[in-house]
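Below is one structure, written out as structure tokens, with a few remarks after it.
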Amino acid sequence: METLLRDLHHAVRTIRNNPGFSAIALIALALGIGANTAIFSVINALILRPPPFKDADRIVYLWETNPTIGLDRGIVSSANFVDWREQSSAFEQISAWRTWFYRLSGDGEPEQVWGVRTSANFFDLLGVEPSHGRTFLIGEEQAGSDQVVVLSHRIWSGRFAADPNIVGRSINIDDKPFTVIGILPADFNLFGGSRHYDLWMPFDFGRGQLGRDDYSLIVFARLKREISLDRAQSEMNAIAERLAQGYPTTNQNRGIKVITLQENQVLDLKPALMILLTAAGFVLLMACVNVANLLLARGATRQRETALKIALGASRGRLVRALLTESILLSVIGGLLGLLVAQWGLDLLRALLPTGAAEVPRADWIGIDRSVLCFAILISILTGIVFGLAPALQVDRFELNQAIKDNGINSAVSTRRRLMDFFVVGEIALAMILLVGAGLMIRSFWKFIGVQPGFNPENLLTMQLWLPESRYAEPGAIAAFYRQALDRIRQRPEIQSATAVDFLPSSGWSDSTAFEIDGRAAPDPEQESVVQYRVIDYDYFRVMGIPLI
């Protein structure tokens with residue numbers, strides 16, 4: 001320990017006495033370690049950390065697929081879901097849910113909030129316990145018993161002022177009375193994003209109300225402990241085949257995909273994260289090569305000092321240890337500065353992340369936590385060892401008599417020069433790889449932002465409105481409302497024109513349908529044409545600046 005303390009004291013003195021060298025080395029290390037720490041924090045939050053649910057590795061999504069139309073992960077029809085639930089044996093539980101906007105009134109101004117209709121066992125499947133009250137009972141998954149609601153912690157603490165007596169009271173949702181039976185915990189967030197689902201109500205899965213072509217559900221399931229993912233997939237494939245034979249009109253070519261909850265959430269992000277991690281690794285490697293070169297260059301001026309130490313009895317192993325201590329200390333200081341760089345980078349990243357339908361799941365987890373801190377410390381120590389090895393190993397090739405006779409100028413010049421040249425060539429090669437990759441990405445991004453969206457977004461404002469079914473059950477009443485609303489908006493002096501559409505362009509939301517062309521024979525089910533569609537107001541194309549060709 002005493003020897004280590006002496007080495008540390010000497011390393012501190014050496015770093016302090018060479019401010020120019022130390023500053024250059026610390027900047028290179030801070031950038032390299034900071035970039036890797038920032039990328040690791042993203043990977044840790046999105047890939048390594050499991051979702052915050054009980055035995056999350058056994059929770060899976062069940063999606064519908066249709067390879068004939070390129071559908072890999074599609075939402076599920078309600079009738080198919082009920083068949084899956086009745087016929088499968090690989091899962092402990094299967095649960096479905098769908099979301100919509102609901103109008104919450106009473107206890108203040110009316111408010112439009114996100115709500116969810118779900119299977120009664122949804123929270124049991126996730127292992128989520130309410131902070132107050134209870135969740136749903138199986139009997140509440142039936143018409144007449146489904147007028148109960150579980151509130152999110154956010155709306156309970158906001159609109160209802162965290163009143164614990166709200167449990168058991170009745171509130172108005174779409175002008176219908178619902179009894180509050182529970183409050184969800186504050187840390188519950190289904191997808192870990194900014195979108196909050198505030199009202200949770202049971203779904204009536206009565207057979208008479210289910211449609212085979214009503215694709216509106218997202219389905220979760222929990223694997224039995226003895227069942228593997230592959231075995232569950234095989235069982236669902238068999239179920240899909242039976243349904244295709246029983247309902248060829250709607251289920252022909254439709255399969256089922258089983259994928260874990262975590263894998264589903266990061267599937268589209270993995271390639272980009274791996275590219276970023278590779279690029280950050282190159283940056284760190286360049287920093288190591290750069291600092292190693294600096295140490296080699298400085299070592300050429302310290303040969304006489306090293307020769308005197310050896311002459312006075314210092315072993316070569318002792319000198320190697322001292323040099324590694326100095327490089328590791330330098331790297332640890334660079335790592336501490338790299339944490340600041342990583343934090344700044346993460347703040348910028350969070351500000352640039354998309355919102356809405358393209359929102360990154362668990363983005364609120366991205367940050368410097370214990371795992372990221374341990375990673376930064378470990379990578380700092382390893383980095384110090386890597387860039388300190390080359391100068392330290394030069395001690396083994398040190399010629400004492402030659403170093404003293406040449407006054408430290410010509411000793412081991414050729415070996416050191418070849419090693420430095422090798423590092424320079426390697427650093428240039430790495431830099432060229434990064435520059436070419438960055439140039440291609442910038443070019444692609446520039447082309448992407450230059451793509452015309454197909455409409456004119458200038459001075460375009462949007463709002464969303466969802467009408468309560470209790471007041472607007474008939475199509476004529478809905479149409480009349482929107483006609484009056486648009487007429488009043490158009491009369492405003494600051495409004496040039498106004499229109500309406502069911503799903504905004506580029507929002508990630510849409511409906512799709514199969515279609516046939518009059519006068520042509522109906523296509524085979526394997527060749528059916530499926531398109532996205534939107535319902536629009538008569539003036540939509542003119543207001544949006546969409547030309548007809």
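Every chain in the structure tokens has a letter given in the order shown (A, B, ...), and although residue numbers restart at 1 in each chain, ligands are simply numbered from 1 in the order shown.
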
For this session: Write down as a ChimeraX atom specification the residues of stretch 63-309 of chain A whose backbone DSSP state falls under strand (DSSP E).
Result: /A:63-66,71-74,76-77,91-105,111-118,132-133,148-151,170-173,176-183,199-202,215-223,255-260

Problem set entry | Between atom CA of A:Leu340 and atom CA of A:Leu48, distance in Å (one decimal) |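 Straight-line distance from atom CA of A:Leu340 to atom CA of A:Leu48 works out to 22.5 Å.
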
Exercise. Which is closer to A:Glu235 than all the others in A:Gln87, A:Ala143, A:Met286, A:Asp487, using only C-alpha atoms?
Worked result: A:Gln87

For this session: Write out as number ranges by chain each polymer residue whose atoms come within 6 Å of A:Leu62, counting only C-alpha atoms; drop sequence neighbours fewer than 4 positions from it.
Result: A: 219, 257-258

Problem set entry | Test item: residues at most 10 Å from A:Leu467, only C-alpha atoms, excluding those fewer than 4 positions along its chain, as a ChimeraX atom specification | /A:101-103,112,174,471-473,478,481-482

For this session: Would you return as a ChimeraX atom specification the members of stretch 131-348 of chain A that DSSP assigns to alpha helix (DSSP H) on this structure's backbone?
Result: /A:153-158,229-246,248-251,261-266,270-300,303-311,316-348

Output C-alpha atoms for every residue in the selection just made, as a compact mmCIF listing (two decimals), in the first residue's frame.
```
# COMPACT_ATOMS: atom_id res chain seq x y z
CA HIS A 153 -51.58 8.23 -10.01
CA ARG A 154 -51.08 11.31 -12.18
CA ILE A 155 -54.75 12.18 -12.60
CA TRP A 156 -55.56 11.13 -9.04
CA SER A 157 -52.95 13.49 -7.57
CA GLY A 158 -53.87 16.27 -10.05
CA LEU A 229 -40.63 -18.99 -26.46
CA ASP A 230 -40.15 -21.39 -29.40
CA ARG A 231 -42.70 -23.83 -28.00
CA ALA A 232 -45.23 -21.05 -27.51
CA GLN A 233 -44.61 -19.90 -31.07
CA SER A 234 -45.24 -23.41 -32.39
CA GLU A 235 -48.54 -23.63 -30.51
CA MET A 236 -49.71 -20.26 -31.79
CA ASN A 237 -48.79 -21.26 -35.35
CA ALA A 238 -51.08 -24.27 -35.00
CA ILE A 239 -53.90 -22.07 -33.66
CA ALA A 240 -53.45 -19.65 -36.58
CA GLU A 241 -53.76 -22.53 -39.05
CA ARG A 242 -56.99 -23.73 -37.43
CA LEU A 243 -58.48 -20.24 -37.53
CA ALA A 244 -57.47 -19.82 -41.19
CA GLN A 245 -59.33 -23.03 -42.03
CA GLY A 246 -62.38 -22.05 -39.97
CA PRO A 248 -60.88 -18.25 -44.58
CA THR A 249 -62.45 -14.89 -45.46
CA THR A 250 -60.76 -13.00 -42.64
CA ASN A 251 -57.92 -15.25 -41.42
CA LEU A 261 -41.96 -7.42 -24.27
CA GLN A 262 -38.44 -6.02 -24.11
CA GLU A 263 -37.37 -7.29 -27.54
CA ASN A 264 -40.46 -5.77 -29.12
CA GLN A 265 -39.77 -2.35 -27.63
CA VAL A 266 -36.15 -2.15 -28.82
CA LYS A 270 -31.04 -1.96 -31.97
CA PRO A 271 -29.33 -1.35 -35.36
CA ALA A 272 -28.97 2.39 -34.71
CA LEU A 273 -27.70 1.79 -31.15
CA MET A 274 -25.11 -0.73 -32.34
CA ILE A 275 -23.87 1.73 -34.97
CA LEU A 276 -23.54 4.47 -32.36
CA LEU A 277 -21.76 2.14 -29.93
CA THR A 278 -19.29 1.09 -32.63
CA ALA A 279 -18.61 4.71 -33.54
CA ALA A 280 -18.11 5.61 -29.87
CA GLY A 281 -15.71 2.66 -29.52
CA PHE A 282 -13.66 4.00 -32.43
CA VAL A 283 -13.55 7.42 -30.77
CA LEU A 284 -12.28 5.87 -27.52
CA LEU A 285 -9.71 3.79 -29.40
CA MET A 286 -8.48 6.93 -31.15
CA ALA A 287 -8.18 8.65 -27.77
CA CYS A 288 -6.12 5.72 -26.44
CA VAL A 289 -3.82 5.77 -29.47
CA ASN A 290 -3.47 9.54 -29.22
CA VAL A 291 -2.54 9.52 -25.54
CA ALA A 292 -0.22 6.51 -26.00
CA ASN A 293 1.59 8.45 -28.72
CA LEU A 294 1.90 11.46 -26.42
CA LEU A 295 3.30 9.25 -23.67
CA LEU A 296 5.80 7.68 -26.08
CA ALA A 297 6.92 11.11 -27.25
CA ARG A 298 7.26 12.31 -23.67
CA GLY A 299 9.09 9.10 -22.76
CA ALA A 300 11.83 9.98 -25.21
CA GLN A 303 15.10 8.35 -20.76
CA ARG A 304 17.91 9.81 -18.67
CA GLU A 305 15.57 10.04 -15.66
CA THR A 306 14.61 6.40 -16.15
CA ALA A 307 18.25 5.38 -16.55
CA LEU A 308 19.19 7.05 -13.27
CA LYS A 309 16.35 5.27 -11.44
CA ILE A 310 17.53 1.91 -12.76
CA ALA A 311 21.13 2.75 -11.82
CA ARG A 316 12.07 -2.65 -14.32
CA GLY A 317 8.85 -4.08 -12.89
CA ARG A 318 8.73 -1.23 -10.39
CA LEU A 319 9.08 1.31 -13.21
CA VAL A 320 6.39 -0.39 -15.30
CA ARG A 321 4.01 -0.27 -12.33
CA ALA A 322 4.72 3.42 -11.77
CA LEU A 323 4.08 4.24 -15.42
CA LEU A 324 0.80 2.27 -15.42
CA THR A 325 -0.27 4.03 -12.21
CA GLU A 326 0.30 7.37 -13.90
CA SER A 327 -1.65 6.38 -17.03
CA ILE A 328 -4.55 4.92 -15.01
CA LEU A 329 -4.75 8.04 -12.83
CA LEU A 330 -4.77 10.18 -15.95
CA SER A 331 -7.54 8.03 -17.43
CA VAL A 332 -9.65 8.12 -14.24
CA ILE A 333 -9.48 11.92 -14.20
CA GLY A 334 -10.44 11.88 -17.86
CA GLY A 335 -13.30 9.53 -16.97
CA LEU A 336 -14.64 11.97 -14.36
CA LEU A 337 -14.58 14.71 -16.97
CA GLY A 338 -16.16 12.24 -19.40
CA LEU A 339 -19.14 11.86 -17.05
CA LEU A 340 -19.79 15.59 -17.46
CA VAL A 341 -19.50 15.23 -21.24
CA ALA A 342 -21.89 12.26 -21.12
CA GLN A 343 -24.43 14.19 -19.05
CA TRP A 344 -24.37 17.11 -21.48
CA GLY A 345 -24.74 14.71 -24.39
CA LEU A 346 -27.69 12.93 -22.74
CA ASP A 347 -29.44 16.23 -22.04
CA LEU A 348 -29.09 17.08 -25.73
```

Problem set entry | Interatomic distance (Å, one decimal) between atom CA of A:Pro202 and atom CA of A:Asn165 | 21.6 Å

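The smallest atom-to-atom distance between A:Ala479 and any of A:Ile173, A:Glu109, A:Ile536, A:Ser371, using only C-alpha atoms, is found for A:Ile536.
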
For this session: Would you mind listing what lies within 12 Å of A:Leu461 as JSON, numbers by chain, with only C-alpha atoms counted and same-chain residues fewer than 5 positions away left out?
Result: {"A": [456, 494, 495, 496, 497, 498, 499, 500, 504, 543, 544]}

With C-alpha atoms retained, write the just-selected residues as a PDB file, in the first residue's frame.
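Listed below is the output, part-v1.pdb:
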```pdb
ATOM      1  CA  ASN A 456     -47.644  22.381 -47.048  1.00  0.00           C
ATOM      2  CA  GLU A 494     -57.045  34.959 -37.846  1.00  0.00           C
ATOM      3  CA  ILE A 495     -58.025  31.751 -39.677  1.00  0.00           C
ATOM      4  CA  GLN A 496     -57.498  31.567 -43.441  1.00  0.00           C
ATOM      5  CA  SER A 497     -59.055  28.113 -43.897  1.00  0.00           C
ATOM      6  CA  ALA A 498     -59.891  25.013 -41.880  1.00  0.00           C
ATOM      7  CA  THR A 499     -60.551  21.354 -42.559  1.00  0.00           C
ATOM      8  CA  ALA A 500     -60.778  17.998 -40.781  1.00  0.00           C
ATOM      9  CA  LEU A 504     -53.151  13.474 -39.071  1.00  0.00           C
ATOM     10  CA  VAL A 543     -56.252  23.522 -47.111  1.00  0.00           C
ATOM     11  CA  MET A 544     -53.303  21.113 -46.843  1.00  0.00           C
TER      12      MET A 544
END
```
